[in-house]
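Raw contents of work16.txt, compact mmCIF, C-alpha atoms:
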```
# COMPACT_ATOMS: atom_id res chain seq x y z
CA MET A 1 -20.04 190.13 -46.73
CA SER A 2 -21.87 192.05 -44.01
CA ASN A 3 -20.22 193.29 -40.83
CA LEU A 4 -22.25 190.78 -38.81
CA GLN A 5 -20.98 187.85 -40.90
CA ARG A 6 -17.42 189.15 -40.70
CA THR A 7 -17.63 189.45 -36.91
CA MET A 8 -19.03 185.93 -36.51
CA LEU A 9 -16.32 184.41 -38.71
CA LYS A 10 -13.58 186.21 -36.81
CA GLY A 11 -14.92 184.81 -33.56
CA LYS A 12 -14.48 181.24 -34.84
CA LEU A 13 -10.83 181.67 -35.80
CA PRO A 14 -8.24 180.05 -33.54
CA PRO A 15 -5.97 182.37 -31.52
CA THR A 16 -2.81 183.52 -33.24
CA ILE A 17 0.56 182.14 -32.16
CA PRO A 18 3.02 184.70 -30.76
CA SER A 19 5.62 185.55 -33.38
CA GLY A 20 8.47 184.84 -31.00
CA ARG A 21 7.62 181.11 -30.91
CA ILE A 22 7.40 180.54 -34.66
CA GLY A 23 10.29 178.64 -36.14
CA ARG A 24 11.86 177.76 -32.79
CA ALA A 25 12.53 174.10 -33.63
CA ASP A 26 15.45 174.01 -31.22
CA SER A 27 13.30 175.00 -28.25
CA PHE A 28 10.76 172.30 -29.15
CA LYS A 29 13.52 169.71 -29.36
CA LYS A 30 14.92 170.73 -25.97
CA SER A 31 11.50 170.49 -24.38
CA ARG A 32 11.29 166.84 -25.44
CA ILE A 33 14.63 165.89 -23.87
CA ARG A 34 14.12 164.09 -20.57
CA ASP A 35 16.53 163.87 -17.71
CA TYR A 36 17.41 160.24 -16.96
CA LYS A 37 19.82 160.89 -14.10
CA PRO A 38 19.53 157.92 -11.70
CA GLY A 39 18.28 158.49 -8.16
CA MET A 40 19.96 157.44 -4.91
CA TRP A 41 18.51 155.04 -2.35
CA ASN A 42 19.17 157.41 0.58
CA GLU A 43 16.70 159.92 -0.80
CA PHE A 44 13.91 157.55 0.24
CA PHE A 45 15.26 155.23 2.96
CA ALA A 46 16.87 155.88 6.32
CA GLU A 47 19.18 152.86 6.23
CA LYS A 48 20.26 149.85 4.23
CA GLU A 49 21.72 146.69 5.71
CA ASP A 50 23.09 143.34 4.55
CA VAL A 51 21.57 140.77 6.91
CA THR A 52 23.33 137.42 7.13
CA VAL A 53 20.83 134.67 7.89
CA ASP A 54 23.37 131.85 7.64
CA GLU A 55 26.58 131.01 5.78
CA GLN A 56 24.72 130.59 2.49
CA ARG A 57 22.29 133.52 2.64
CA THR A 58 22.82 137.28 2.95
CA PHE A 59 19.94 139.61 2.08
CA ARG A 60 19.95 143.34 1.38
CA VAL A 61 17.20 145.22 3.18
CA TYR A 62 16.15 148.88 3.10
CA ARG A 63 14.25 150.53 5.94
CA THR A 64 12.54 153.84 6.47
CA LYS A 65 12.89 155.60 9.82
CA LYS A 66 10.83 154.40 12.77
CA PRO A 67 7.43 156.12 13.15
CA GLU A 68 6.81 158.77 15.79
CA LYS A 69 3.83 156.79 17.08
CA PRO A 70 3.43 152.99 17.30
CA GLY A 71 2.58 151.48 13.93
CA PRO A 72 2.97 148.32 11.86
CA VAL A 73 5.93 147.26 9.74
CA LEU A 74 5.06 147.08 6.05
CA LEU A 75 6.92 144.10 4.58
CA LEU A 76 7.29 144.91 0.86
CA LEU A 77 8.05 142.14 -1.66
CA HIS A 78 9.04 143.08 -5.22
CA GLY A 79 8.17 141.33 -8.47
CA GLY A 80 10.36 139.12 -10.62
CA GLY A 81 13.37 140.97 -12.01
CA TYR A 82 12.81 144.03 -9.81
CA SER A 83 14.56 144.90 -6.55
CA ALA A 84 13.64 146.45 -3.21
CA LEU A 85 14.18 149.90 -4.76
CA THR A 86 10.97 149.49 -6.74
CA TRP A 87 9.18 150.59 -3.53
CA ALA A 88 11.19 153.80 -3.04
CA HIS A 89 8.54 156.38 -3.97
CA PHE A 90 5.75 154.35 -2.40
CA CYS A 91 7.65 154.31 0.92
CA SER A 92 8.02 158.08 0.91
CA GLU A 93 4.31 158.49 0.26
CA VAL A 94 2.92 155.95 2.72
CA THR A 95 5.13 157.04 5.64
CA SER A 96 3.86 160.60 5.17
CA MET A 97 0.24 159.38 5.46
CA ILE A 98 0.33 156.91 8.35
CA HIS A 99 2.61 156.00 11.24
CA CYS A 100 4.48 152.92 10.01
CA GLN A 101 7.90 151.63 9.01
CA CYS A 102 8.68 150.10 5.61
CA LEU A 103 10.94 147.07 5.28
CA CYS A 104 11.97 146.28 1.69
CA ILE A 105 13.88 143.10 0.79
CA ASP A 106 15.99 142.08 -2.19
CA LEU A 107 14.69 138.55 -2.74
CA ARG A 108 16.91 135.59 -3.60
CA GLY A 109 18.67 136.09 -6.94
CA HIS A 110 17.71 139.78 -7.07
CA GLY A 111 19.37 143.08 -6.19
CA ASP A 112 22.31 142.95 -3.78
CA SER A 113 21.27 139.75 -2.01
CA LYS A 114 23.79 136.90 -2.15
CA VAL A 115 22.85 133.25 -1.68
CA GLY A 116 24.46 129.91 -2.45
CA ASP A 117 21.87 128.79 -5.01
CA GLU A 118 20.41 131.80 -6.80
CA ASP A 119 18.56 129.64 -9.33
CA ASP A 120 16.26 128.09 -6.71
CA LEU A 121 13.28 130.47 -6.95
CA SER A 122 10.55 128.09 -5.84
CA ALA A 123 7.68 129.54 -3.81
CA ASP A 124 8.60 127.48 -0.74
CA THR A 125 12.25 128.55 -0.85
CA LEU A 126 11.46 132.23 -1.27
CA SER A 127 8.86 132.09 1.51
CA LYS A 128 11.29 130.35 3.86
CA ASP A 129 13.94 132.98 3.06
CA ILE A 130 11.54 135.73 4.12
CA GLY A 131 10.51 133.93 7.29
CA ASP A 132 14.11 133.25 8.36
CA LEU A 133 15.08 136.86 7.61
CA ILE A 134 12.22 138.29 9.70
CA LEU A 135 13.15 136.09 12.67
CA LYS A 136 16.78 137.18 12.27
CA LEU A 137 15.82 140.87 12.22
CA TYR A 138 13.46 140.55 15.22
CA PRO A 139 14.87 137.78 17.43
CA GLU A 140 13.00 138.83 20.57
CA GLU A 141 9.57 139.90 19.38
CA VAL A 142 8.21 140.21 15.85
CA PRO A 143 6.27 143.47 15.43
CA GLN A 144 2.93 143.67 13.67
CA LEU A 145 3.61 142.83 10.02
CA PHE A 146 1.47 143.84 7.07
CA VAL A 147 2.81 142.22 3.90
CA VAL A 148 2.49 143.85 0.47
CA GLY A 149 3.59 142.08 -2.71
CA HIS A 150 3.64 142.99 -6.39
CA SER A 151 3.38 140.45 -9.22
CA MET A 152 5.66 137.52 -8.31
CA GLY A 153 6.13 139.15 -4.91
CA GLY A 154 2.35 139.14 -4.45
CA ALA A 155 2.22 135.40 -5.16
CA ILE A 156 5.08 134.79 -2.72
CA ALA A 157 3.31 136.97 -0.13
CA VAL A 158 0.27 134.69 -0.31
CA HIS A 159 2.43 131.56 0.01
CA PHE A 160 4.35 133.15 2.89
CA ALA A 161 1.16 134.04 4.74
CA SER A 162 -0.44 130.61 4.17
CA MET A 163 2.66 128.86 5.57
CA ALA A 164 2.41 130.85 8.85
CA LEU A 165 6.18 131.12 9.17
CA VAL A 166 6.15 134.14 11.49
CA PRO A 167 3.77 135.39 14.18
CA ASN A 168 1.99 138.75 14.27
CA LEU A 169 1.01 138.85 10.59
CA ILE A 170 -2.00 141.19 10.53
CA GLY A 171 -2.94 141.51 6.84
CA ILE A 172 -1.94 141.32 3.19
CA THR A 173 -2.18 143.42 0.03
CA VAL A 174 -1.55 141.85 -3.37
CA ILE A 175 -0.82 144.15 -6.31
CA ASP A 176 -1.78 143.18 -9.87
CA VAL A 177 -1.43 139.42 -9.75
CA VAL A 178 -4.33 137.00 -10.29
CA GLU A 179 -4.01 133.28 -10.88
CA GLY A 180 -6.15 133.14 -14.02
CA THR A 181 -4.53 136.00 -15.94
CA ALA A 182 -1.05 135.08 -14.71
CA MET A 183 -1.32 131.50 -15.96
CA GLU A 184 -2.57 132.74 -19.34
CA ALA A 185 0.32 135.19 -19.62
CA LEU A 186 2.98 132.51 -19.01
CA ALA A 187 2.68 131.28 -22.60
CA SER A 188 3.98 134.59 -23.95
CA MET A 189 6.45 135.35 -21.15
CA GLN A 190 9.50 133.93 -22.94
CA SER A 191 8.70 136.00 -26.03
CA PHE A 192 8.47 139.12 -23.88
CA LEU A 193 11.80 138.39 -22.22
CA ARG A 194 13.48 137.86 -25.61
CA SER A 195 12.14 141.21 -26.82
CA ARG A 196 14.07 143.10 -24.15
CA PRO A 197 17.57 144.41 -24.92
CA LYS A 198 20.29 142.24 -23.41
CA TYR A 199 22.75 145.07 -22.78
CA PHE A 200 22.74 148.78 -22.03
CA GLN A 201 25.40 151.37 -22.73
CA SER A 202 24.87 153.23 -19.46
CA ILE A 203 22.51 153.47 -16.50
CA PRO A 204 20.66 156.49 -17.99
CA ASN A 205 20.19 154.48 -21.21
CA ALA A 206 18.61 151.68 -19.17
CA ILE A 207 16.28 154.17 -17.49
CA GLU A 208 15.37 155.60 -20.88
CA TRP A 209 14.50 152.13 -22.18
CA CYS A 210 12.40 151.47 -19.07
CA ILE A 211 10.27 154.54 -19.85
CA ARG A 212 10.13 154.19 -23.64
CA SER A 213 9.18 150.50 -23.46
CA GLY A 214 6.34 151.23 -21.04
CA GLN A 215 7.67 148.95 -18.29
CA VAL A 216 7.31 151.95 -15.97
CA ARG A 217 5.39 155.10 -16.87
CA ASN A 218 6.69 157.27 -14.04
CA VAL A 219 10.17 158.54 -14.93
CA ASP A 220 10.95 159.47 -11.30
CA SER A 221 10.25 155.90 -10.19
CA ALA A 222 12.33 154.45 -13.03
CA LYS A 223 15.33 156.58 -12.01
CA VAL A 224 15.45 154.77 -8.66
CA SER A 225 14.25 151.27 -9.51
CA MET A 226 16.08 150.57 -12.79
CA PRO A 227 19.65 150.68 -11.35
CA GLY A 228 18.56 147.89 -8.99
CA GLN A 229 17.70 145.62 -11.93
CA ILE A 230 21.00 145.69 -13.87
CA ILE A 231 24.64 144.88 -13.14
CA ASN A 232 27.96 146.21 -14.39
CA CYS A 233 29.36 143.73 -16.93
CA THR A 234 32.94 144.45 -15.83
CA THR A 235 32.63 144.34 -12.06
CA ASN A 236 29.55 142.07 -11.94
CA GLN A 237 28.20 144.38 -9.23
CA LEU A 238 24.73 145.90 -9.08
CA ALA A 239 24.49 149.22 -10.92
CA THR A 240 23.58 151.00 -7.68
CA ASN A 241 27.21 150.54 -6.60
CA ASP A 242 28.27 152.82 -9.50
CA LEU A 243 26.19 155.72 -8.19
CA PRO A 244 26.44 158.65 -8.14
CA LEU A 245 27.62 158.85 -11.74
CA PRO A 246 30.38 161.31 -12.77
CA ASP A 247 29.26 164.47 -14.54
CA ASP A 248 30.95 163.50 -17.81
CA VAL A 249 29.00 160.21 -17.96
CA LEU A 250 25.72 162.03 -17.32
CA GLU A 251 26.55 164.61 -19.98
CA GLU A 252 27.38 161.95 -22.56
CA ALA A 253 24.19 160.01 -21.79
CA HIS A 254 22.17 163.22 -22.00
CA HIS A 255 23.24 163.83 -25.60
CA SER A 256 23.20 160.23 -26.81
CA SER A 257 20.34 157.77 -26.97
CA MET A 258 20.30 154.09 -27.82
CA PHE A 259 16.59 154.40 -28.52
CA PRO A 260 15.91 157.23 -31.00
CA ASN A 261 12.42 158.47 -31.68
CA PRO A 262 10.82 155.93 -34.06
CA PHE A 263 9.03 158.73 -35.94
CA SER A 264 12.15 160.75 -36.64
CA ILE A 265 14.22 160.58 -39.84
CA SER A 266 17.94 160.94 -39.29
CA GLU A 267 20.25 162.46 -41.90
CA ASP A 268 23.75 161.17 -42.47
CA GLU A 269 26.43 163.81 -42.28
CA GLU A 270 28.37 164.48 -45.49
CA VAL A 271 32.12 164.37 -45.13
CA SER A 272 34.24 165.97 -47.85
CA PRO A 273 37.83 164.84 -48.38
CA PRO A 274 40.46 167.42 -47.38
CA GLY A 275 41.56 169.69 -50.24
CA ASP A 276 38.44 169.08 -52.28
CA GLY A 277 37.07 172.60 -52.51
CA GLU A 278 36.48 172.85 -56.28
CA GLU A 279 33.16 172.51 -57.95
CA GLY A 280 33.38 169.75 -60.52
CA SER A 281 30.99 167.87 -62.67
CA ALA A 282 28.15 165.79 -61.33
CA ASP A 283 30.34 162.69 -61.43
CA GLY A 284 33.12 164.54 -59.66
CA GLU A 285 30.79 165.68 -56.91
CA ALA A 286 29.58 162.14 -56.36
CA ALA A 287 33.11 160.86 -56.19
CA GLY A 288 34.32 163.67 -53.93
CA THR A 289 31.59 163.34 -51.31
CA GLU A 290 31.55 160.57 -48.75
CA PHE A 291 28.69 159.77 -46.47
CA LYS A 292 29.18 158.92 -42.82
CA LYS A 293 28.79 155.17 -42.33
CA PRO A 294 26.66 153.85 -39.49
CA THR A 295 28.57 152.44 -36.54
CA THR A 296 28.01 148.73 -36.94
CA THR A 297 31.54 147.56 -36.16
CA LYS A 298 32.19 144.91 -33.58
CA GLU A 299 34.10 147.43 -31.45
CA ALA A 300 31.12 149.79 -31.29
CA THR A 301 28.80 146.94 -30.42
CA GLU A 302 31.06 145.72 -27.63
CA ALA A 303 31.41 149.28 -26.29
CA ALA A 304 27.64 149.37 -25.67
CA LYS A 305 27.72 146.20 -23.53
CA ASN A 306 28.39 147.92 -20.23
CA TYR A 307 25.35 146.77 -18.25
CA THR A 308 23.10 143.73 -18.39
CA TRP A 309 20.21 142.27 -16.37
CA ARG A 310 20.84 141.20 -12.77
CA ILE A 311 18.80 138.02 -13.21
CA ASP A 312 18.00 135.89 -16.24
CA LEU A 313 14.28 135.40 -15.69
CA SER A 314 14.00 132.91 -18.56
CA LYS A 315 15.88 130.37 -16.43
CA SER A 316 13.20 130.53 -13.75
CA GLU A 317 10.49 129.18 -16.08
CA LYS A 318 10.22 125.88 -14.24
CA TYR A 319 9.00 127.76 -11.14
CA TRP A 320 6.38 129.95 -12.81
CA VAL A 321 3.50 127.49 -12.51
CA GLY A 322 4.34 126.89 -8.86
CA TRP A 323 4.13 130.63 -8.12
CA PHE A 324 0.62 131.08 -9.49
CA SER A 325 -1.10 127.69 -9.44
CA GLY A 326 -3.85 127.61 -6.80
CA LEU A 327 -3.11 131.23 -5.87
CA SER A 328 -6.72 132.46 -5.86
CA ASP A 329 -7.93 129.75 -3.45
CA LYS A 330 -4.93 130.29 -1.15
CA PHE A 331 -5.62 134.03 -1.13
CA LEU A 332 -9.30 133.61 -0.28
CA ASN A 333 -8.60 131.02 2.43
CA LEU A 334 -6.18 133.27 4.34
CA ARG A 335 -7.64 134.10 7.73
CA LEU A 336 -6.38 137.67 7.46
CA PRO A 337 -7.73 141.00 6.20
CA LYS A 338 -7.06 140.91 2.47
CA GLN A 339 -6.78 143.58 -0.22
CA LEU A 340 -6.29 143.29 -3.97
CA LEU A 341 -5.10 146.17 -6.18
CA LEU A 342 -5.47 145.81 -9.94
CA ALA A 343 -4.54 147.87 -12.98
CA SER A 344 -7.65 146.66 -14.82
CA ILE A 345 -11.05 145.29 -13.83
CA ASP A 346 -10.61 142.62 -16.51
CA GLY A 347 -7.85 141.02 -14.43
CA LEU A 348 -10.17 139.06 -12.12
CA ASP A 349 -10.59 135.34 -12.64
CA ARG A 350 -13.76 133.39 -11.81
CA THR A 351 -12.68 132.35 -8.30
CA LEU A 352 -11.81 135.88 -7.22
CA THR A 353 -14.91 137.33 -8.88
CA VAL A 354 -17.09 135.07 -6.73
CA GLY A 355 -15.00 135.87 -3.66
CA GLN A 356 -15.27 139.59 -4.27
CA MET A 357 -19.06 139.36 -4.60
CA GLN A 358 -19.12 137.52 -1.29
CA GLY A 359 -17.14 140.31 0.35
CA ARG A 360 -14.18 138.10 1.26
CA PHE A 361 -11.62 140.77 0.36
CA GLN A 362 -11.44 144.40 -0.64
CA MET A 363 -10.63 145.21 -4.24
CA GLN A 364 -9.44 148.49 -5.75
CA VAL A 365 -8.83 149.24 -9.43
CA LEU A 366 -6.39 151.99 -10.33
CA ALA A 367 -6.71 153.25 -13.90
CA ARG A 368 -4.13 154.92 -16.15
CA CYS A 369 -1.23 152.76 -15.01
CA GLY A 370 0.71 149.73 -16.19
CA HIS A 371 1.66 146.50 -14.46
CA ALA A 372 4.02 148.29 -12.05
CA VAL A 373 1.08 150.00 -10.34
CA HIS A 374 3.04 151.11 -7.27
CA GLU A 375 5.72 152.74 -9.45
CA ASP A 376 3.37 154.42 -11.91
CA ARG A 377 1.07 155.83 -9.23
CA PRO A 378 2.83 155.61 -5.85
CA HIS A 379 0.70 158.32 -4.24
CA GLU A 380 -2.62 156.66 -5.11
CA VAL A 381 -1.41 153.20 -4.04
CA ALA A 382 -0.18 154.64 -0.75
CA GLU A 383 -3.57 156.32 -0.22
CA VAL A 384 -5.46 153.06 -0.79
CA ILE A 385 -3.25 150.98 1.50
CA SER A 386 -3.10 153.70 4.17
CA GLY A 387 -6.88 153.99 4.18
CA TYR A 388 -7.21 150.22 4.47
CA LEU A 389 -4.85 150.10 7.47
CA ILE A 390 -6.66 152.98 9.20
CA ARG A 391 -10.11 151.44 8.69
CA ASN A 392 -8.88 148.16 10.19
CA ARG A 393 -7.28 150.13 13.04
CA PHE A 394 -3.81 148.82 12.26
CA ALA A 395 -2.29 152.29 11.94
CA GLU A 396 -2.97 155.94 12.76
CA ALA A 397 -3.06 158.77 10.28
CA ALA A 398 -0.04 161.07 10.15
CA GLY A 399 -0.38 164.75 9.37
CA GLU A 400 -3.54 165.81 7.56
CA PHE A 401 -4.20 162.56 5.71
CA ARG A 402 -7.90 161.74 5.37
CA CYS A 403 -9.14 158.20 4.91
CA HIS A 404 -11.53 157.76 1.97
CA MET A 405 -13.97 154.93 1.42
CA PRO A 406 -12.85 152.38 -1.20
CA SER A 407 -14.30 152.44 -4.71
CA CYS A 408 -13.65 150.57 -7.96
```
Can you dump the structure from the file as structure tokens?
Amino acid sequence: MSNLQRTMLKGKLPPTIPSGRIGRADSFKKSRIRDYKPGMWNEFFAEKEDVTVDEQRTFRVYRTKKPEKPGPVLLLLHGGGYSALTWAHFCSEVTSMIHCQCLCIDLRGHGDSKVGDEDDLSADTLSKDIGDLILKLYPEEVPQLFVVGHSMGGAIAVHFASMALVPNLIGITVIDVVEGTAMEALASMQSFLRSRPKYFQSIPNAIEWCIRSGQVRNVDSAKVSMPGQIINCTTNQLATNDLPLPDDVLEEAHHSSMFPNPFSISEDEEVSPPGDGEEGSADGEAAGTEFKKPTTTKEATEAAKNYTWRIDLSKSEKYWVGWFSGLSDKFLNLRLPKQLLLASIDGLDRTLTVGQMQGRFQMQVLARCGHAVHEDRPHEVAEVISGYLIRNRFAEAAGEFRCHMPSC
């Protein structure tokens, strides 16, 4: 082989790995371990309050601090099964971009809200709850309200706006909910709900499931939002009331996982009886070695049932059609500035496709995210909504935020 050939072949070889990193399986394993320590509400909100509307209804609300300059109030409505804490990271982002205040509500049957009939989740009831709460919070004068809703909350936002329950509503943003795709998805909704685990051993385990299942792809968002979706089975209180967790609980959750890597092969530990130190025959070795049995006892199973879901969404099935039926026409007929954020361009139905071509609302598609768009990409969602509010002259930019033109 000539020197020229040898030089060319050497140039195509991949770079060598430093010798210090070879065989370091423990360091690779540690790098894969994620921290699932739950986050606190006060890292994102200035105050929380339990607002009593009447004897039967008390709603938990979270608010950011008031803006330095006059700006609108963003009324944020969460999806089914979520809580107001699902907006935590979005609130931090949007308040750093524009002058506004965020108002997040735990809807009926969700979070820390307490009502007489938690099973009544009809669109009219939920809309009336929001209207009565706003009038209770602002008895003298309702400020400019811009409503933002995700999934079920987006459908309720449209119903709420169409019913004109409060004055000074200036616009609406709906996140990843379209009548056509929503109605098609209802057929498989019960199967999806049955596929979820019913119990969790700890709050970090619930956060881990949230990430591994793909419900939320942003681990920082899941740390805040997931505790608002589950309750303590013993106290029947929302998991947020157990925070902050003691160090020993965090340490135990850090080293244990209810959801091991599906591609890993675990080895059972061999346990030798005491006093058996002699080397015997093959039969003797088989008889003198016991394998650790998997923990499938009833006690171990019961020990893992520490937390469960705050709301049983399967019981709300009778209201699903009412949430989404006629939603596209109601959305288009709103006499308000309208914005639709989607996780996929394929989510549009025929009615909204025609409306979008006619320029009756602004649409934005955010790629590389799941259904919880505002949790997976809070910064990008905040940019889109902030830009929309600035272009409509509803809010002023804060800091060095620059408004960009919309694009799909």
Just want the 6 Å neighbourhood of A:Arg60, counted on only C-alpha atoms, with same-chain residues fewer than 6 positions away dropped. Output as a ChimeraX atom specification. /A:49-50,106,112-113
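Between atom CA of A:Arg57 and atom CA of A:Phe146 the interatomic distance comes to 23.7 Å.
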Point-to-point distance from atom CA of A:Lys37 to atom CA of A:Asn306, Å rounded to tenths: 16.7 Å
Stretch 213-217 of chain A environment, 6 Å, all atoms listed in the file, sequence neighbours closer than 3 positions dropped, as a ChimeraX atom specification: /A:209-210,376
What gap, in Å, lies between atom CA of A:Glu396 and atom CA of A:Cys102?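 These atoms are spaced 14.9 Å apart.
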Do a neighbour search on A:Asp124 at 12 Å with all atoms listed in the file, toss out local chain neighbours closer than 4 positions, and write the hits as a PyMOL selection string. chain A and resi 108+120+128-131+155-165+319+322-323
Give me the residues within 12 Å of stretch 230-246 of chain A as an MDAnalysis selection string, counting only C-alpha atoms and dropping any in the same chain fewer than 4 places off. chainID A and resid 36:42 60 81:85 106 109:114 197:207 210 223:226 250:253 302:312
Close residues, stretch 351-361 of chain A itself excluded, 8 Å, all atoms listed in the file, min 4 positions apart in chain, as a PyMOL selection string: chain A and resi 328-329+332+337-340
Let me make sure I understand: among A:Ser314, A:Gly228, A:Glu43, A:Ser344, which one has the smallest atom-to-atom distance to A:Ser188 if we use all atoms listed in the file? A:Ser314
Here is a test: counting all atoms listed in the file, which residue of A:Ser122, A:Gly116, A:Val94, A:Val147 is nearest to A:Leu77?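 The closest residue to A:Leu77 is A:Val147.
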Tell me which of A:Gln362, A:Val381, A:Leu313, A:Arg368 sits closest to A:Arg194, counting all atoms listed in the file. A:Leu313
